[in-house]
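For reference, the structure is listed below as structure tokens.
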2 protein chains.
Amino acid sequence: MFDKIQTPAVLVDIDVAKRNIERFQAYADSHGLKVRPHIKTHKLPAIAEMQLDAGAVGITCQKISEAEAMVAGSDRLNDVLITYNILGDDKLAALVALARKVRLAVVADNATVIDGLSAAFADAGVTLDVFVECNTGADRCGVGSPEAAAEFASRIASAPGLHFAGLMTYPPVGGAAKVQTFMTEAKALIEAKGIAVPAITSGGSPDMMLAHLAPATTEFRPGTYVYNDRSLVAGGVCSWDDCALTVLATVVSVPAPNRAIIDAGSKTLTSDLLGLTGHGHVLGRPDIAIDQLSEEHGRLRCEGDIGLKVGQRIRVVPNHACVVTNMVDGVHVFGEDRAPELWPVPARGKII
Amino acid sequence: MFDKIQTPAVLVDIDVAKRNIERFQAYADSHGLKVRPHIKTHKLPAIAEMQLDAGAVGITCQKISEAEAMVAGSDRLNDVLITYNILGDDKLAALVALARKVRLAVVADNATVIDGLSAAFADAGVTLDVFVECNTGADRCGVGSPEAAAEFASRIASAPGLHFAGLMTYPPVGGAAKVQTFMTEAKALIEAKGIAVPAITSGGSPDMMLAHLAPATTEFRPGTYVYNDRSLVAGGVCSWDDCALTVLATVVSVPAPNRAIIDAGSKTLTSDLLGLTGHGHVLGRPDIAIDQLSEEHGRLRCEGDIGLKVGQRIRVVPNHACVVTNMVDGVHVFGEDRAPELWPVPARGKII
């Protein structure tokens, strides 16, 4: 099926992706939770459309250029949340331009960002939805307390050009209880000021099936779930059969009985570990470890005879699907009744 | 100087790159060693031309598509070594096409690859230079013994369409003595068969200033040396002032007194560790650790007050320059007398 594809190549089983999308949508529907998938994982307008078809209310992006690429790729992607603090004149101008095209929301966790957004949008005569980002234990961005969340909610609500859209968090694994406590408290404090909290949005594929443990959440933003990867298999969230994204690689050398080298290295698989040991899972060969990556070489080892031949092809489930998507200009999409077809990845490399 | 550049962005100080190129060329000249720089680090034809201007005899590439992009970008890049086992009909056809345009050499460490090269080149009526790749301790590709090297040298020498070009290795750090022993022995065995060994090529920036400790080497292939990075500073090979490539990033959040978040994550800096702790060095702030990367966030921590403000810009020396080049479509090249200019990176993402 993949004979004509030169390696290394990123393959996407579209049937598996569709099943993954539908599985989480069904779970979310059963709990009255809206789904706003993070497109960082696939960066493909066509897959975002599949997510909408399944019932998603819109999409999540991480950077403006990523959102621009997605919106340019489909006129159905017209409801976008960028979960990022955006600042700087050029980016604010781009944000205003995007807000004129689609329903747009962003997040903020500090006064500098809020004031910058307000100045740009009031000046343009456009209103922007802004969520307050809350730190529920991941210690990345986010205000540290419900009181601070309420303070910034007020600031947004009273800022010209802005509309307070609610609360956003990206919790750590196992963080549902903390999300529930923080959000319930913050919501009460904000409502006590007479400000409505239209939405509370949380995310993260590892705990997506536990989203109902934080019932204050109204919307969820899973990303990796569409493809899954070795990190999610390790986390017990899915099986190898649920991994839609794999890297097709060729064995280029078998220099020792227990060692083989493939033509996929860190410039394809990336060095993301996500807490794992090794750099991916060779489908059908759980005895093999990918124990080292150079830029264009991956080293496979096993205890006994590795049993691979030069020229043989293997498929690797990467540690982290989202970063692999970002390494290639196109992915080879296939399905049970669908021959592989190269799809360009329009939002690849959109880091601005 | 960088006010108009949106972040995150990759900056290249061309004066520093030039100095790095010239420094190693002077060392190599003083030891009678030819230089064939590996362009994986910069992927820019214009910088490869600077390397030729300094005295390099040609360039090294890791994949065919990378070589094609470099050759297409400059008619001066007409002497190319691809240090990779190449196999498969499509790639062999591309290799033949490239060999018709430039002086081309590849490596091989097994019979399957040699026989494939021979069939393709004999059929095309073109002769290809082929080196035998030798394992001098890195345990990646490469034949494991001088005897095996001699055996494959014979196979290449007698294969239609191929010319035995010599021996190639990518040694581990500290491997000079092993290189010298292996290469001396292999050369003697090959010459005893009446086959000349035209060149012996070694590489690796960490040990480049020790290349003379393996005097059997006739040619050296440094890559990272043109930009340097945090791994080479840690290895004592250079100082921060010698780092030509930096990532310009903006502080987007200061959620706690000792923590700040920048807009460069693993999709810019990459997760390459190269044995280091943390994900880069903030220029001028040795007290700060970049202790965590998400895809689009970098987390900065320090012991006391971090003293950064939202909107402030910093420059990061990445752990590994070569993989950062590969993340962006363009780099901002500047110099003492040169305003920043965006140079496209033609060989970015060329993994085939």
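Residue numbering restarts at 1 in every chain; chains get A, B, ... in the order shown in the structure tokens, and ligands count up from 1 in that same order.
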For Pro172 in chain B, work out the shell of residues within 10 Å, counting only C-alpha atoms and skipping chain neighbours fewer than 4 positions away, then give it as a PyMOL selection string. chain B and resi 135-140+176+178-179+203-204+206-207
Could those selected residues go to a file with all heavy atoms, as a PDB file, in the first residue's frame?
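Once everything was written out, this is result.pdb:
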ATOM      1  N   ASN B 135      32.438   2.111  11.488  1.00  0.00           N
ATOM      2  CA  ASN B 135      32.006   2.387  12.862  1.00  0.00           C
ATOM      3  C   ASN B 135      33.229   2.491  13.762  1.00  0.00           C
ATOM      4  O   ASN B 135      33.872   1.493  14.072  1.00  0.00           O
ATOM      5  CB  ASN B 135      31.093   1.266  13.339  1.00  0.00           C
ATOM      6  CG  ASN B 135      30.649   1.453  14.778  1.00  0.00           C
ATOM      7  OD1 ASN B 135      30.838   2.525  15.364  1.00  0.00           O
ATOM      8  ND2 ASN B 135      30.061   0.420  15.347  1.00  0.00           N
ATOM      9  N   THR B 136      33.531   3.704  14.194  1.00  0.00           N
ATOM     10  CA  THR B 136      34.685   3.895  15.084  1.00  0.00           C
ATOM     11  C   THR B 136      34.226   4.171  16.516  1.00  0.00           C
ATOM     12  O   THR B 136      34.892   4.891  17.260  1.00  0.00           O
ATOM     13  CB  THR B 136      35.587   5.037  14.568  1.00  0.00           C
ATOM     14  OG1 THR B 136      34.772   6.217  14.383  1.00  0.00           O
ATOM     15  CG2 THR B 136      36.232   4.669  13.248  1.00  0.00           C
ATOM     16  N   GLY B 137      33.059   3.617  16.853  1.00  0.00           N
ATOM     17  CA  GLY B 137      32.635   3.688  18.255  1.00  0.00           C
ATOM     18  C   GLY B 137      31.310   4.384  18.499  1.00  0.00           C
ATOM     19  O   GLY B 137      30.757   4.309  19.596  1.00  0.00           O
ATOM     20  N   ALA B 138      30.774   5.083  17.502  1.00  0.00           N
ATOM     21  CA  ALA B 138      29.486   5.748  17.706  1.00  0.00           C
ATOM     22  C   ALA B 138      28.330   4.749  17.662  1.00  0.00           C
ATOM     23  O   ALA B 138      27.230   5.053  18.100  1.00  0.00           O
ATOM     24  CB  ALA B 138      29.279   6.834  16.659  1.00  0.00           C
ATOM     25  N   ASP B 139      28.594   3.575  17.117  1.00  0.00           N
ATOM     26  CA  ASP B 139      27.564   2.523  17.040  1.00  0.00           C
ATOM     27  C   ASP B 139      26.283   2.988  16.356  1.00  0.00           C
ATOM     28  O   ASP B 139      25.172   2.722  16.835  1.00  0.00           O
ATOM     29  CB  ASP B 139      27.260   1.954  18.442  1.00  0.00           C
ATOM     30  CG  ASP B 139      28.396   1.104  18.966  1.00  0.00           C
ATOM     31  OD1 ASP B 139      29.293   0.747  18.172  1.00  0.00           O
ATOM     32  OD2 ASP B 139      28.403   0.819  20.179  1.00  0.00           O
ATOM     33  N   ARG B 140      26.465   3.707  15.275  1.00  0.00           N
ATOM     34  CA  ARG B 140      25.325   4.073  14.444  1.00  0.00           C
ATOM     35  C   ARG B 140      25.465   3.209  13.203  1.00  0.00           C
ATOM     36  O   ARG B 140      25.400   1.993  13.313  1.00  0.00           O
ATOM     37  CB  ARG B 140      25.379   5.585  14.143  1.00  0.00           C
ATOM     38  CG  ARG B 140      24.060   6.142  13.694  1.00  0.00           C
ATOM     39  CD  ARG B 140      24.090   7.666  13.623  1.00  0.00           C
ATOM     40  NE  ARG B 140      24.973   8.155  12.563  1.00  0.00           N
ATOM     41  CZ  ARG B 140      25.184   9.452  12.296  1.00  0.00           C
ATOM     42  NH1 ARG B 140      24.601  10.379  13.049  1.00  0.00           N
ATOM     43  NH2 ARG B 140      25.967   9.822  11.318  1.00  0.00           N
ATOM     44  N   ALA B 176      39.237  10.064  18.561  1.00  0.00           N
ATOM     45  CA  ALA B 176      40.339  10.245  17.602  1.00  0.00           C
ATOM     46  C   ALA B 176      41.293   9.048  17.554  1.00  0.00           C
ATOM     47  O   ALA B 176      41.691   8.604  16.467  1.00  0.00           O
ATOM     48  CB  ALA B 176      41.104  11.533  17.918  1.00  0.00           C
ATOM     49  N   LYS B 178      40.755   5.936  18.262  1.00  0.00           N
ATOM     50  CA  LYS B 178      40.082   4.803  17.621  1.00  0.00           C
ATOM     51  C   LYS B 178      40.013   5.008  16.098  1.00  0.00           C
ATOM     52  O   LYS B 178      40.202   4.058  15.328  1.00  0.00           O
ATOM     53  CB  LYS B 178      38.676   4.641  18.218  1.00  0.00           C
ATOM     54  CG  LYS B 178      37.833   3.537  17.611  1.00  0.00           C
ATOM     55  CD  LYS B 178      38.182   2.170  18.157  1.00  0.00           C
ATOM     56  CE  LYS B 178      37.454   1.052  17.434  1.00  0.00           C
ATOM     57  NZ  LYS B 178      36.027   0.972  17.735  1.00  0.00           N
ATOM     58  N   VAL B 179      39.735   6.249  15.695  1.00  0.00           N
ATOM     59  CA  VAL B 179      39.707   6.561  14.260  1.00  0.00           C
ATOM     60  C   VAL B 179      41.066   6.240  13.641  1.00  0.00           C
ATOM     61  O   VAL B 179      41.164   5.584  12.594  1.00  0.00           O
ATOM     62  CB  VAL B 179      39.350   8.048  14.017  1.00  0.00           C
ATOM     63  CG1 VAL B 179      39.548   8.427  12.548  1.00  0.00           C
ATOM     64  CG2 VAL B 179      37.912   8.338  14.447  1.00  0.00           C
ATOM     65  N   GLY B 203      34.447  13.408  10.982  1.00  0.00           N
ATOM     66  CA  GLY B 203      33.632  14.591  11.247  1.00  0.00           C
ATOM     67  C   GLY B 203      33.302  14.788  12.701  1.00  0.00           C
ATOM     68  O   GLY B 203      33.783  14.058  13.570  1.00  0.00           O
ATOM     69  N   GLY B 204      32.477  15.819  12.949  1.00  0.00           N
ATOM     70  CA  GLY B 204      32.016  16.099  14.310  1.00  0.00           C
ATOM     71  C   GLY B 204      32.603  17.372  14.877  1.00  0.00           C
ATOM     72  O   GLY B 204      33.807  17.442  15.148  1.00  0.00           O
ATOM     73  N   PRO B 206      32.309  18.699  17.962  1.00  0.00           N
ATOM     74  CA  PRO B 206      32.840  18.698  19.324  1.00  0.00           C
ATOM     75  C   PRO B 206      34.353  18.451  19.379  1.00  0.00           C
ATOM     76  O   PRO B 206      35.052  19.047  20.185  1.00  0.00           O
ATOM     77  CB  PRO B 206      32.063  17.555  20.011  1.00  0.00           C
ATOM     78  CG  PRO B 206      30.768  17.480  19.266  1.00  0.00           C
ATOM     79  CD  PRO B 206      31.127  17.808  17.837  1.00  0.00           C
ATOM     80  N   ASP B 207      34.843  17.579  18.512  1.00  0.00           N
ATOM     81  CA  ASP B 207      36.264  17.224  18.538  1.00  0.00           C
ATOM     82  C   ASP B 207      37.034  17.791  17.361  1.00  0.00           C
ATOM     83  O   ASP B 207      38.146  17.334  17.071  1.00  0.00           O
ATOM     84  CB  ASP B 207      36.412  15.693  18.508  1.00  0.00           C
ATOM     85  CG  ASP B 207      36.358  15.094  19.898  1.00  0.00           C
ATOM     86  OD1 ASP B 207      36.354  15.868  20.876  1.00  0.00           O
ATOM     87  OD2 ASP B 207      36.322  13.858  19.997  1.00  0.00           O
TER      88      ASP B 207
END
Which residues come within 10 Å of Pro160 in chain A, counting only C-alpha atoms, excluding same-chain residues fewer than 6 positions away, as an MDAnalysis selection string? chainID A and resid 115 117:123 125:128
Identify, with DSSP run on backbone atoms, the residues in range 156-208 of chain B assigned to strand (DSSP E or B), and express the list as a ChimeraX atom specification. /B:162-169,199-203
Export of prior selection with N, CA and C atoms as a PDB file, in the first residue's frame:
ATOM      1  N   LEU B 162      30.632   2.019 -10.135  1.00  0.00           N
ATOM      2  CA  LEU B 162      31.094   2.619  -8.879  1.00  0.00           C
ATOM      3  C   LEU B 162      32.610   2.789  -8.864  1.00  0.00           C
ATOM      4  N   HIS B 163      33.052   3.765  -8.084  1.00  0.00           N
ATOM      5  CA  HIS B 163      34.479   3.984  -7.865  1.00  0.00           C
ATOM      6  C   HIS B 163      34.709   4.066  -6.361  1.00  0.00           C
ATOM      7  N   PHE B 164      35.654   3.292  -5.852  1.00  0.00           N
ATOM      8  CA  PHE B 164      35.934   3.326  -4.416  1.00  0.00           C
ATOM      9  C   PHE B 164      36.635   4.643  -4.066  1.00  0.00           C
ATOM     10  N   ALA B 165      35.983   5.432  -3.201  1.00  0.00           N
ATOM     11  CA  ALA B 165      36.471   6.793  -2.931  1.00  0.00           C
ATOM     12  C   ALA B 165      37.247   6.899  -1.639  1.00  0.00           C
ATOM     13  N   GLY B 166      37.134   5.875  -0.778  1.00  0.00           N
ATOM     14  CA  GLY B 166      37.871   5.937   0.478  1.00  0.00           C
ATOM     15  C   GLY B 166      37.011   5.505   1.655  1.00  0.00           C
ATOM     16  N   LEU B 167      37.404   5.957   2.829  1.00  0.00           N
ATOM     17  CA  LEU B 167      36.745   5.536   4.068  1.00  0.00           C
ATOM     18  C   LEU B 167      36.122   6.739   4.763  1.00  0.00           C
ATOM     19  N   MET B 168      34.979   6.528   5.359  1.00  0.00           N
ATOM     20  CA  MET B 168      34.256   7.599   6.038  1.00  0.00           C
ATOM     21  C   MET B 168      33.855   7.138   7.434  1.00  0.00           C
ATOM     22  N   THR B 169      33.921   8.035   8.402  1.00  0.00           N
ATOM     23  CA  THR B 169      33.408   7.718   9.735  1.00  0.00           C
ATOM     24  C   THR B 169      32.837   8.956  10.397  1.00  0.00           C
ATOM     25  N   ALA B 199      40.792   8.903  -0.069  1.00  0.00           N
ATOM     26  CA  ALA B 199      40.482   9.854   1.006  1.00  0.00           C
ATOM     27  C   ALA B 199      39.977   9.122   2.235  1.00  0.00           C
ATOM     28  N   ILE B 200      40.228   9.731   3.400  1.00  0.00           N
ATOM     29  CA  ILE B 200      39.659   9.237   4.656  1.00  0.00           C
ATOM     30  C   ILE B 200      39.006  10.433   5.327  1.00  0.00           C
ATOM     31  N   THR B 201      37.699  10.347   5.490  1.00  0.00           N
ATOM     32  CA  THR B 201      36.950  11.506   5.965  1.00  0.00           C
ATOM     33  C   THR B 201      36.294  11.233   7.309  1.00  0.00           C
ATOM     34  N   SER B 202      36.472  12.190   8.225  1.00  0.00           N
ATOM     35  CA  SER B 202      35.915  12.096   9.570  1.00  0.00           C
ATOM     36  C   SER B 202      35.135  13.381   9.856  1.00  0.00           C
ATOM     37  N   GLY B 203      34.447  13.408  10.982  1.00  0.00           N
ATOM     38  CA  GLY B 203      33.632  14.591  11.247  1.00  0.00           C
ATOM     39  C   GLY B 203      33.302  14.788  12.701  1.00  0.00           C
TER      40      GLY B 203
END
Excluding Gly265 in chain B and residues on its chain fewer than 2 positions from it, collect all residues at most 7 Å away from it, counting only C-alpha atoms, and give them as a tab-separated table (two decimals) with N, CA and C atoms, in the first residue's frame.
chain	number	residue	atom	x	y	z
B	263	ASP	N	7.56	32.91	24.05
B	263	ASP	CA	6.77	32.39	22.93
B	263	ASP	C	7.55	31.43	22.04
B	267	LYS	N	8.42	23.66	19.22
B	267	LYS	CA	8.28	23.80	17.77
B	267	LYS	C	9.22	24.87	17.23
B	268	THR	N	10.03	25.47	18.10
B	268	THR	CA	11.07	26.41	17.66
B	268	THR	C	12.44	25.94	18.16
B	269	LEU	N	12.55	25.72	19.47
B	269	LEU	CA	13.84	25.36	20.05
B	269	LEU	C	14.14	23.87	19.88
B	293	LEU	N	9.55	22.90	28.04
B	293	LEU	CA	9.01	23.37	26.77
B	293	LEU	C	7.68	22.70	26.50
B	294	SER	N	6.67	23.50	26.16
B	294	SER	CA	5.49	22.96	25.48
B	294	SER	C	5.74	23.26	24.01
B	295	GLU	N	4.73	22.98	23.18
B	295	GLU	CA	4.98	23.21	21.76
B	295	GLU	C	5.27	24.67	21.43
B	296	GLU	N	4.53	25.58	22.05
B	296	GLU	CA	4.71	27.00	21.73
B	296	GLU	C	5.05	27.86	22.95
B	297	HIS	N	5.35	27.24	24.06
B	297	HIS	CA	5.73	27.96	25.28
B	297	HIS	C	7.08	27.43	25.77
B	298	GLY	N	7.91	28.35	26.23
B	298	GLY	CA	9.12	27.98	26.94
B	298	GLY	C	9.03	28.55	28.35
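Between CA of Val10 in chain B and CA of Val333 in chain B lies a distance of 8.6 Å.
Distances from A:Ile114, A:Leu44, A:Val233, A:Ala72 to chain B were compared using only C-alpha atoms, and the smallest one belongs to A:Ile114.
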Select from range 224-280 of chain A every residue with an atom at most 10 Å from any atom of range 84-103 of chain B, then for each give the shortest pair of atoms and their distance in Å to one decimal, using only C-alpha atoms, rows by chain and rising number, as a Markdown table.
| residue | atom | partner | partner_atom | distance |
| --- | --- | --- | --- | --- |
| A:Thr250 | CA | B:Leu87 | CA | 9.0 |
| A:Val251 | CA | B:Leu87 | CA | 9.6 |
| A:Val252 | CA | B:Asn85 | CA | 6.0 |
| A:Ser253 | CA | B:Asn85 | CA | 7.4 |
| A:Asp263 | CA | B:Asn85 | CA | 9.0 |
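Straight-line separation from CA of Ser205 in chain A to CA of Val316 in chain A: 20.4 Å.
When the distance limit is 10 Å and only C-alpha atoms are what count, the residues near Tyr27 in chain A, minus those fewer than 4 positions from it on the same chain, are A:Glu22, A:Arg23, A:His31, A:Gly32, A:Leu33, A:Met208, A:Met209, A:Leu210, A:Ala211, A:His212.
Taking CA of Gly311 in chain B and CA of Lys40 in chain A as the two end points, the separation is 24.0 Å.
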